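K.L.:
Sharing a structure below in structure tokens format, with a few things to ask.
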Number of protein chains: 2
Amino acid sequence: MRDRPFRRSPFAIDVGIFTVRNGQLEVLLWKTADAREKWILPWDQPKPQEQLEAAAQRIVREVIGSAAAWIELAGAFGEGNRHPADAEISVAFSAVLPGTSAEAKDPQLVWHRVADLPSMTQKRKTVLDAALSAVRFRLEDSPIAFRLLPALFTLSELQKVYEVLLGKRLHKASFRRSLHAAEIVEATDEWRGEGRGRPAQLFRYAPPKKKRVGRGIRFDALIA
Amino acid sequence: MRDRPFRRSPFAIDVGIFTVRNGQLEVLLWKTADAREKWILPWDQPKPQEQLEAAAQRIVREVIGSAAAWIELAGAFGEGNRHPADAEISVAFSAVLPGTSAEAKDPQLVWHRVADLPSMTQKRKTVLDAALSAVRFRLEDSPIAFRLLPALFTLSELQKVYEVLLGKRLHKASFRRSLHAAEIVEATDEWRGEGRGRPAQLFRYAPPKKKRVGRGIRFDALIA
DNA sequence: GACATTAGTCACATTTTGTGACTAATTCAC
DNA sequence: GTGAATTAGTCACAAAATGTGACTAATGTC
């Protein structure tokens with residue numbers, strides 16, 4: 001990532017890097033040296049011969065030291081939404097990391113709660129919103145929630161991650177029933193006592209080999 | 001759209017333009033003058049100050065004469081998937097048009113059935129697949145099917161569009177029940193007799209003002 | 001031992017879905 | 001005209017999925 005190279009770059013890759021810490025969804029932002037620029041998403045230009053997604057992964061490694069657990073294209077923006085370094089095109093990616101590997105490598109990089117974002121320009125906010133929407137939108141189809149947790153986790157932890165990402169409470173029995181029907185977790189014979197309360201059994205993510213068939217259109221999910 | 005300008009362009013916008021004709025999903029492809037290049041998606045570079053989506057809309061207008069009824073970002077590809085004009089980045093959009101306005105403006109532009117595509121390079125095929133996936137993926141959330149039809153349509157026509165896009169048959173009673181529950185169509189007092197069989201009532205797309213609330217996670221739709 | 005706390009399960013009412021069979025309105029063949 | 005064929009539209013009911021409160025289980029705290 002560079003701090004305003006002041007030359008016309010053909011395009012930039014912005015990455016919204018998300019994690020769940022302390023029961024909150026957080027995003028990693030970069031505080032620019034230029035006071036007017038405030039906070040921006042980590043970004044860089046792709047190197048020659050580099051795939052866009054590979055570039056996004058590289059950016060994640062540069063700022064956090066480890067690879068993202070999930071990454072995906074979130075949007076693309078042209079001239080109208082001008083990038084700080086005058087990039088003509090900005091391609092936005094979303095990435096998620098488990099909370100455990102979420103240590104920023106630079107004092108200018110700070111985790112911010114998504115519910116409580118610092119001052120950003122409108123254009124930057126648009127890109128961040130696109131990245132956030134991509135995470136929420138794909139939550140139903142991709143194992144994003146599992147990537148935010150360590151390999152072994154309790155079902156209560158998993159439920160909490162879904163609640164944070166969806167921004168609403170879920171009913172325990174209902175959550176577990178769906179989970180069981182989907183056959184995507186596998187019980188281990190380990191248990192974890194967390195101080196008070198009954199100890200919880202640990203599970204691991206174990207999707208079936210064959211992909212599950214979908215369910216056709218759901219008009220009730222149509223956005224007007 | 002240009003025919004291989006043979007200069008290094010920073011990026012290109014490829015547009016997968018889809019329609020339903022004769023009960024088949026079709027995509028508009030451009031036959032290049034260069035015999036080796038075979039068939040490619042309509043494309044161009046964005047003009048200075050032009051938003052990416054606006055550029056995609058312009059490309060649609062250039063090749064078909066009218067605006068797309070629905071358009072959306074489908075993907076972005078870097079160096080690895082090299083573009084014919086050596087673009088460093090290719091941004092792919094999906095667009096759909098009603099079958100009625102689907103007349104190509106150039107003999108090099110030909111509609112092809114998606115189920116029966118002509119010879120394309122692997123890289124071009126990847127972009128087309130991304131565009132097609134975007135249409136199918138958004139079908140559940142966006143009123144794409146309605147944009148493929150004229151303002152007034154019969155429910156059988158609507159069902160047929162969904163069947164073509166989803167690639168599978170739907171049960172009539174079930175389809176109509178979902179449609180009714182979603183409250184997104186409005187009956188008119190017009191009817192249309194199509195030769196034999198009982199005449200069908202005409203409907204129009206009429207989404208509710210307030211957006212409908214979703215339904216939480218559905219693990220059964222998780223892709224492994 | 002009583003109680004607070006967290007995990008995990010059950011049961012049942014309610015809603016949603018899949019599906020076959022029915023009725024309705026028209027054209028076509030004779 | 002009469003009846004078969006064809007397409008539209010509805011109904012009813014079994015099966016499946018979902019929402020939800022209440023229950024049991026295992027631990028720590030006092």
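By order of appearance in the structure tokens: chains A, B, ..., then residues from 1 within every chain, and ligands from 1 in the order shown.
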Could you list, with a cut-off of 8 Å and counting only C-alpha atoms (C1' of nucleotides), the residues of chain A near chain C, each shown with its nearest atom pair and the distance in Å rounded to one decimal, rows sorted by chain and ascending number, as a Markdown table?

P.N.:
| residue | atom | partner | partner_atom | distance |
| --- | --- | --- | --- | --- |
| A:Arg196 | CA | C:DT5 | C1' | 6.0 |
| A:Gly197 | CA | C:DT6 | C1' | 4.0 |
| A:Arg198 | CA | C:DT6 | C1' | 5.4 |
| A:Pro199 | CA | C:DA7 | C1' | 6.7 |
| A:Ala200 | CA | C:DA7 | C1' | 5.8 |

K.L.:
For the selection just defined, write its residues with N, CA and C atoms to a file, as a short mmCIF file (atom, residue, chain, number, x, y, z; two decimals), in the first residue's frame.

P.N.:
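Final file, selection_30.cif:
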data_model
loop_
_atom_site.label_atom_id
_atom_site.label_comp_id
_atom_site.auth_asym_id
_atom_site.auth_seq_id
_atom_site.Cartn_x
_atom_site.Cartn_y
_atom_site.Cartn_z
N ARG A 196 -17.97 -20.62 34.01
CA ARG A 196 -19.26 -21.10 34.48
C ARG A 196 -20.07 -21.71 33.32
N GLY A 197 -21.10 -22.41 33.70
CA GLY A 197 -21.97 -23.04 32.71
C GLY A 197 -21.47 -24.40 32.28
N ARG A 198 -22.35 -25.14 31.66
CA ARG A 198 -22.01 -26.46 31.16
C ARG A 198 -20.97 -26.35 30.04
N PRO A 199 -19.99 -27.24 30.00
CA PRO A 199 -19.00 -27.19 28.92
C PRO A 199 -19.65 -27.46 27.57
N ALA A 200 -19.07 -26.90 26.51
CA ALA A 200 -19.65 -27.05 25.18
C ALA A 200 -18.81 -28.00 24.34
#

K.L.:
Within 7 Å of chain A, which residues of chain D show up when using only C-alpha atoms (C1' of nucleotides), listed as a JSON list (two decimals) with N, CA and C atoms (P, O5', C5', C4', C3', O3' and C1' of nucleotides), in the first residue's frame?

P.N.:
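The new file result-v5.json reads:
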[["chain", "number", "residue", "atom", "x", "y", "z"],
["D", 26, "DA", "P", -25.07, -34.66, 32.23],
["D", 26, "DA", "O5'", -24.10, -33.43, 32.54],
["D", 26, "DA", "C5'", -23.32, -32.91, 31.47],
["D", 26, "DA", "C4'", -22.66, -31.63, 31.93],
["D", 26, "DA", "C3'", -21.78, -31.78, 33.17],
["D", 26, "DA", "O3'", -20.52, -31.19, 32.87],
["D", 26, "DA", "C1'", -23.28, -29.96, 33.43],
["D", 27, "DT", "P", -19.22, -31.71, 33.63],
["D", 27, "DT", "O5'", -18.89, -30.47, 34.59],
["D", 27, "DT", "C5'", -18.23, -29.36, 34.05],
["D", 27, "DT", "C4'", -18.83, -28.06, 34.56],
["D", 27, "DT", "C3'", -18.34, -27.58, 35.91],
["D", 27, "DT", "O3'", -17.04, -27.06, 35.83],
["D", 27, "DT", "C1'", -20.56, -26.85, 35.34],
["D", 28, "DG", "P", -16.25, -26.61, 37.13],
["D", 28, "DG", "O5'", -16.89, -25.19, 37.48],
["D", 28, "DG", "C5'", -16.56, -24.06, 36.66],
["D", 28, "DG", "C4'", -17.18, -22.80, 37.25],
["D", 28, "DG", "C3'", -16.58, -22.39, 38.61],
["D", 28, "DG", "O3'", -16.50, -20.97, 38.67],
["D", 28, "DG", "C1'", -18.89, -22.85, 38.88]]

K.L.:
Which residue is closest to chain A? Choose from B:Tyr205, B:Phe18, B:Phe219, B:Phe137 and count only C-alpha atoms.

P.N.:
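With only C-alpha atoms as the atom set, the closest residue is B:Phe219.
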
K.L.:
Where in chain A does DSSP assign strand (DSSP E), given as a PyMOL selection string?

P.N.:
chain A and resi 11-21+24-31+39-40+43-44+70-77+89-96+109-113+152-154+185-192+200-205

K.L.:
Pick out the closest residue to chain A from this set: B:Pro150, B:Pro143, B:Gly16, B:Pro107. Count only C-alpha atoms.

P.N.:
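Closest to chain A of all the choices is B:Pro143.
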
K.L.:
Show me, as a list of chain:residue names, the residues that have an atom within 7 Å of Glu72 (chain A) when counting only C-alpha atoms (C1' of nucleotides), minus same-chain residues fewer than 5 positions from it.

P.N.:
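In the requested format, the answer is A:Phe93, A:Ser94, A:Ala95.
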
K.L.:
Rounded to one decimal place, report the CA of Trp111 (chain A)-CA of Leu29 (chain A) distance in Å.

P.N.:
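Separating CA of Trp111 (chain A) from CA of Leu29 (chain A) is a distance of 6.3 Å.
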
K.L.:
CA of Ile184 (chain B) and CA of Pro208 (chain B), how far apart in Å?

P.N.:
6.5 Å
